[in-house]
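Report on one structure; see the data block that follows.
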Amino acid sequence: MWPLLTTYSLIIIISSLFITILTGGFGMTIAGIGLLMFLISLFIEQPKPNTPDDITKKYCTYCIAEINRTEKYCPICDSIQD
Ligand SMILES: [Zn+2]
């Protein structure tokens with residue numbers, strides 16, 4: 001189960017109800033996509049965040065450059081790392 005995808009699919013289904021009132025068929029298509037997302041989210045697991053092969057490295061949270069794990073600031077874009 002992928003809880004965030006389930007949440008998003010429910011939001012899509014609810015908003016598609018309003019779109020259906022306004023546009024008809026188009027809203028039903030969106031509802032179908034939302035329903036598909038809901039079903040998929042029940043059967044798949046949340047993907048793990050991508051990590052570099054080298055365990056001493058990590059990806060910058062802002063520019064995705066490969067940097068040292070100990071780095072407080074990214075040397076490429078100067079953004080703070082958590
Ligand atoms: Zn960066």
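We name chains A, B, ... following the order of the structure tokens; residues begin at 1 in each chain, and ligands are numbered from 1 as shown.
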
Could you please extract the residues within 9 Å of ligand 1, counting only C-alpha atoms and all ligand atoms, and hand them back as a list in words?
->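 With only C-alpha atoms and all ligand atoms and a cut-off of 9 Å, ligand 1 is contacted by Tyr59, Cys60, Thr61, Tyr62, Cys63, Ile64, Ala65, Glu66, Ile67, Tyr73, Cys74, Pro75, Ile76, Cys77, Asp78, Ser79, Ile80 and Gln81 of chain A.
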
Please tabulate, as JSON lines, the residues of range 41-81 of chain A that come within 12 Å of range 6-9 of chain A, each with its closest pair of atoms and the distance in Å to one decimal, counting only C-alpha atoms and ordering rows by chain, then residue number upward.
```
{"residue": "A:Ser41", "atom": "CA", "partner": "A:Thr6", "partner_atom": "CA", "distance": 5.5}
{"residue": "A:Leu42", "atom": "CA", "partner": "A:Thr6", "partner_atom": "CA", "distance": 7.2}
{"residue": "A:Phe43", "atom": "CA", "partner": "A:Thr6", "partner_atom": "CA", "distance": 10.5}
{"residue": "A:Ile44", "atom": "CA", "partner": "A:Thr6", "partner_atom": "CA", "distance": 10.6}
{"residue": "A:Glu45", "atom": "CA", "partner": "A:Thr6", "partner_atom": "CA", "distance": 11.2}
{"residue": "A:Gln46", "atom": "CA", "partner": "A:Thr6", "partner_atom": "CA", "distance": 10.7}
```

Keeping only N, CA and C atoms, take the residues you just selected and write them out as a CSV table (one decimal), in the first residue's frame.
```
chain,number,residue,atom,x,y,z
A,41,SER,N,-2.8,2.0,-5.9
A,41,SER,CA,-2.1,2.4,-4.6
A,41,SER,C,-2.3,1.3,-3.5
A,42,LEU,N,-3.3,0.5,-3.6
A,42,LEU,CA,-3.6,-0.5,-2.6
A,42,LEU,C,-2.7,-1.7,-2.8
A,43,PHE,N,-2.2,-1.9,-4.1
A,43,PHE,CA,-1.4,-3.1,-4.4
A,43,PHE,C,0.0,-2.9,-4.6
A,44,ILE,N,0.5,-1.7,-4.7
A,44,ILE,CA,1.9,-1.4,-4.9
A,44,ILE,C,2.5,-0.8,-3.6
A,45,GLU,N,3.8,-1.0,-3.4
A,45,GLU,CA,4.5,-0.4,-2.2
A,45,GLU,C,5.1,0.9,-2.6
A,46,GLN,N,5.3,1.8,-1.7
A,46,GLN,CA,5.9,3.1,-1.9
A,46,GLN,C,7.4,2.9,-2.3
```

Filtered DSSP result for range 8-74 of chain A, state strand (DSSP E), as a list in words = Lys57, Lys58, Tyr59, Glu66, Ile67 and Asn68 of chain A

Let's see if you can do this: from backbone DSSP, list all helix (DSSP H, G or I) residues in chain A, as an mmCIF file with N, CA and C atoms, in the first residue's frame.
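As a result, states_39.cif now contains:
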```
data_model
loop_
_atom_site.group_PDB
_atom_site.id
_atom_site.type_symbol
_atom_site.label_atom_id
_atom_site.label_comp_id
_atom_site.auth_asym_id
_atom_site.auth_seq_id
_atom_site.Cartn_x
_atom_site.Cartn_y
_atom_site.Cartn_z
ATOM 1 N N PRO A 3 0.262 4.972 0.932
ATOM 2 C CA PRO A 3 -0.753 5.864 1.529
ATOM 3 C C PRO A 3 -0.874 7.231 0.839
ATOM 4 N N LEU A 4 0.249 7.811 0.415
ATOM 5 C CA LEU A 4 0.190 9.142 -0.201
ATOM 6 C C LEU A 4 -0.552 9.089 -1.538
ATOM 7 N N LEU A 5 -0.300 8.018 -2.311
ATOM 8 C CA LEU A 5 -0.998 7.855 -3.595
ATOM 9 C C LEU A 5 -2.490 7.628 -3.369
ATOM 10 N N THR A 6 -2.831 6.865 -2.303
ATOM 11 C CA THR A 6 -4.234 6.648 -1.948
ATOM 12 C C THR A 6 -4.920 7.973 -1.631
ATOM 13 N N THR A 7 -4.237 8.818 -0.841
ATOM 14 C CA THR A 7 -4.776 10.137 -0.481
ATOM 15 C C THR A 7 -5.015 10.977 -1.730
ATOM 16 N N TYR A 8 -4.015 11.022 -2.611
ATOM 17 C CA TYR A 8 -4.147 11.818 -3.835
ATOM 18 C C TYR A 8 -5.279 11.297 -4.714
ATOM 19 N N SER A 9 -5.412 9.958 -4.797
ATOM 20 C CA SER A 9 -6.467 9.395 -5.637
ATOM 21 C C SER A 9 -7.844 9.762 -5.100
ATOM 22 N N LEU A 10 -7.981 9.801 -3.755
ATOM 23 C CA LEU A 10 -9.272 10.186 -3.159
ATOM 24 C C LEU A 10 -9.587 11.656 -3.466
ATOM 25 N N ILE A 11 -8.555 12.509 -3.414
ATOM 26 C CA ILE A 11 -8.741 13.927 -3.752
ATOM 27 C C ILE A 11 -9.193 14.065 -5.208
ATOM 28 N N ILE A 12 -8.568 13.277 -6.110
ATOM 29 C CA ILE A 12 -8.936 13.314 -7.531
ATOM 30 C C ILE A 12 -10.384 12.856 -7.713
ATOM 31 N N ILE A 13 -10.776 11.768 -7.013
ATOM 32 C CA ILE A 13 -12.143 11.243 -7.143
ATOM 33 C C ILE A 13 -13.160 12.282 -6.660
ATOM 34 N N ILE A 14 -12.884 12.909 -5.508
ATOM 35 C CA ILE A 14 -13.809 13.915 -4.964
ATOM 36 C C ILE A 14 -13.920 15.122 -5.897
ATOM 37 N N SER A 15 -12.752 15.619 -6.382
ATOM 38 C CA SER A 15 -12.816 16.790 -7.270
ATOM 39 C C SER A 15 -13.421 16.440 -8.626
ATOM 40 N N SER A 16 -13.281 15.164 -9.052
ATOM 41 C CA SER A 16 -13.872 14.760 -10.329
ATOM 42 C C SER A 16 -15.396 14.785 -10.271
ATOM 43 N N LEU A 17 -15.958 14.622 -9.058
ATOM 44 C CA LEU A 17 -17.420 14.697 -8.912
ATOM 45 C C LEU A 17 -17.912 16.094 -9.293
ATOM 46 N N PHE A 18 -17.161 17.120 -8.869
ATOM 47 C CA PHE A 18 -17.520 18.500 -9.211
ATOM 48 C C PHE A 18 -17.314 18.753 -10.701
ATOM 49 N N ILE A 19 -16.221 18.196 -11.247
ATOM 50 C CA ILE A 19 -15.946 18.367 -12.680
ATOM 51 C C ILE A 19 -17.038 17.686 -13.505
ATOM 52 N N THR A 20 -17.530 16.540 -13.012
ATOM 53 C CA THR A 20 -18.610 15.824 -13.708
ATOM 54 C C THR A 20 -19.871 16.687 -13.779
ATOM 55 N N ILE A 21 -20.173 17.397 -12.692
ATOM 56 C CA ILE A 21 -21.341 18.285 -12.680
ATOM 57 C C ILE A 21 -21.197 19.364 -13.748
ATOM 58 N N LEU A 22 -19.967 19.888 -13.898
ATOM 59 C CA LEU A 22 -19.722 20.979 -14.841
ATOM 60 C C LEU A 22 -19.596 20.501 -16.282
ATOM 61 N N THR A 23 -18.865 19.384 -16.507
ATOM 62 C CA THR A 23 -18.530 19.012 -17.884
ATOM 63 C C THR A 23 -19.083 17.658 -18.327
ATOM 64 N N GLY A 25 -18.909 14.048 -19.293
ATOM 65 C CA GLY A 25 -18.021 12.938 -19.656
ATOM 66 C C GLY A 25 -16.575 13.129 -19.257
ATOM 67 N N PHE A 26 -16.085 14.345 -19.416
ATOM 68 C CA PHE A 26 -14.688 14.612 -19.057
ATOM 69 C C PHE A 26 -14.441 14.336 -17.575
ATOM 70 N N GLY A 27 -15.370 14.760 -16.722
ATOM 71 C CA GLY A 27 -15.252 14.523 -15.282
ATOM 72 C C GLY A 27 -15.260 13.048 -14.954
ATOM 73 N N MET A 28 -16.070 12.261 -15.714
ATOM 74 C CA MET A 28 -16.122 10.816 -15.496
ATOM 75 C C MET A 28 -14.795 10.170 -15.857
ATOM 76 N N THR A 29 -14.138 10.690 -16.897
ATOM 77 C CA THR A 29 -12.812 10.180 -17.274
ATOM 78 C C THR A 29 -11.827 10.416 -16.127
ATOM 79 N N ILE A 30 -11.853 11.616 -15.555
ATOM 80 C CA ILE A 30 -10.976 11.938 -14.421
ATOM 81 C C ILE A 30 -11.301 11.014 -13.242
ATOM 82 N N ALA A 31 -12.588 10.766 -12.999
ATOM 83 C CA ALA A 31 -12.998 9.864 -11.915
ATOM 84 C C ALA A 31 -12.443 8.461 -12.156
ATOM 85 N N GLY A 32 -12.464 8.020 -13.420
ATOM 86 C CA GLY A 32 -11.922 6.710 -13.784
ATOM 87 C C GLY A 32 -10.444 6.625 -13.492
ATOM 88 N N ILE A 33 -9.720 7.691 -13.838
ATOM 89 C CA ILE A 33 -8.270 7.733 -13.563
ATOM 90 C C ILE A 33 -8.032 7.703 -12.054
ATOM 91 N N GLY A 34 -8.837 8.462 -11.304
ATOM 92 C CA GLY A 34 -8.719 8.485 -9.845
ATOM 93 C C GLY A 34 -8.966 7.118 -9.239
ATOM 94 N N LEU A 35 -9.960 6.428 -9.765
ATOM 95 C CA LEU A 35 -10.302 5.082 -9.295
ATOM 96 C C LEU A 35 -9.164 4.103 -9.587
ATOM 97 N N LEU A 36 -8.572 4.239 -10.782
ATOM 98 C CA LEU A 36 -7.439 3.405 -11.180
ATOM 99 C C LEU A 36 -6.256 3.648 -10.237
ATOM 100 N N MET A 37 -5.994 4.940 -9.950
ATOM 101 C CA MET A 37 -4.913 5.295 -9.018
ATOM 102 C C MET A 37 -5.167 4.695 -7.649
ATOM 103 N N PHE A 38 -6.436 4.747 -7.202
ATOM 104 C CA PHE A 38 -6.800 4.214 -5.893
ATOM 105 C C PHE A 38 -6.506 2.715 -5.816
ATOM 106 N N LEU A 39 -6.939 1.971 -6.859
ATOM 107 C CA LEU A 39 -6.727 0.526 -6.877
ATOM 108 C C LEU A 39 -5.244 0.183 -6.933
ATOM 109 N N ILE A 40 -4.494 0.914 -7.781
ATOM 110 C CA ILE A 40 -3.052 0.660 -7.898
ATOM 111 C C ILE A 40 -2.360 0.924 -6.557
ATOM 112 N N SER A 41 -2.761 2.014 -5.875
ATOM 113 C CA SER A 41 -2.102 2.386 -4.617
ATOM 114 C C SER A 41 -2.299 1.332 -3.523
ATOM 115 N N LEU A 42 -3.349 0.524 -3.632
ATOM 116 C CA LEU A 42 -3.588 -0.524 -2.640
ATOM 117 C C LEU A 42 -2.651 -1.712 -2.833
ATOM 118 N N PHE A 43 -2.209 -1.913 -4.098
ATOM 119 C CA PHE A 43 -1.443 -3.121 -4.402
ATOM 120 C C PHE A 43 0.049 -2.906 -4.556
#
```
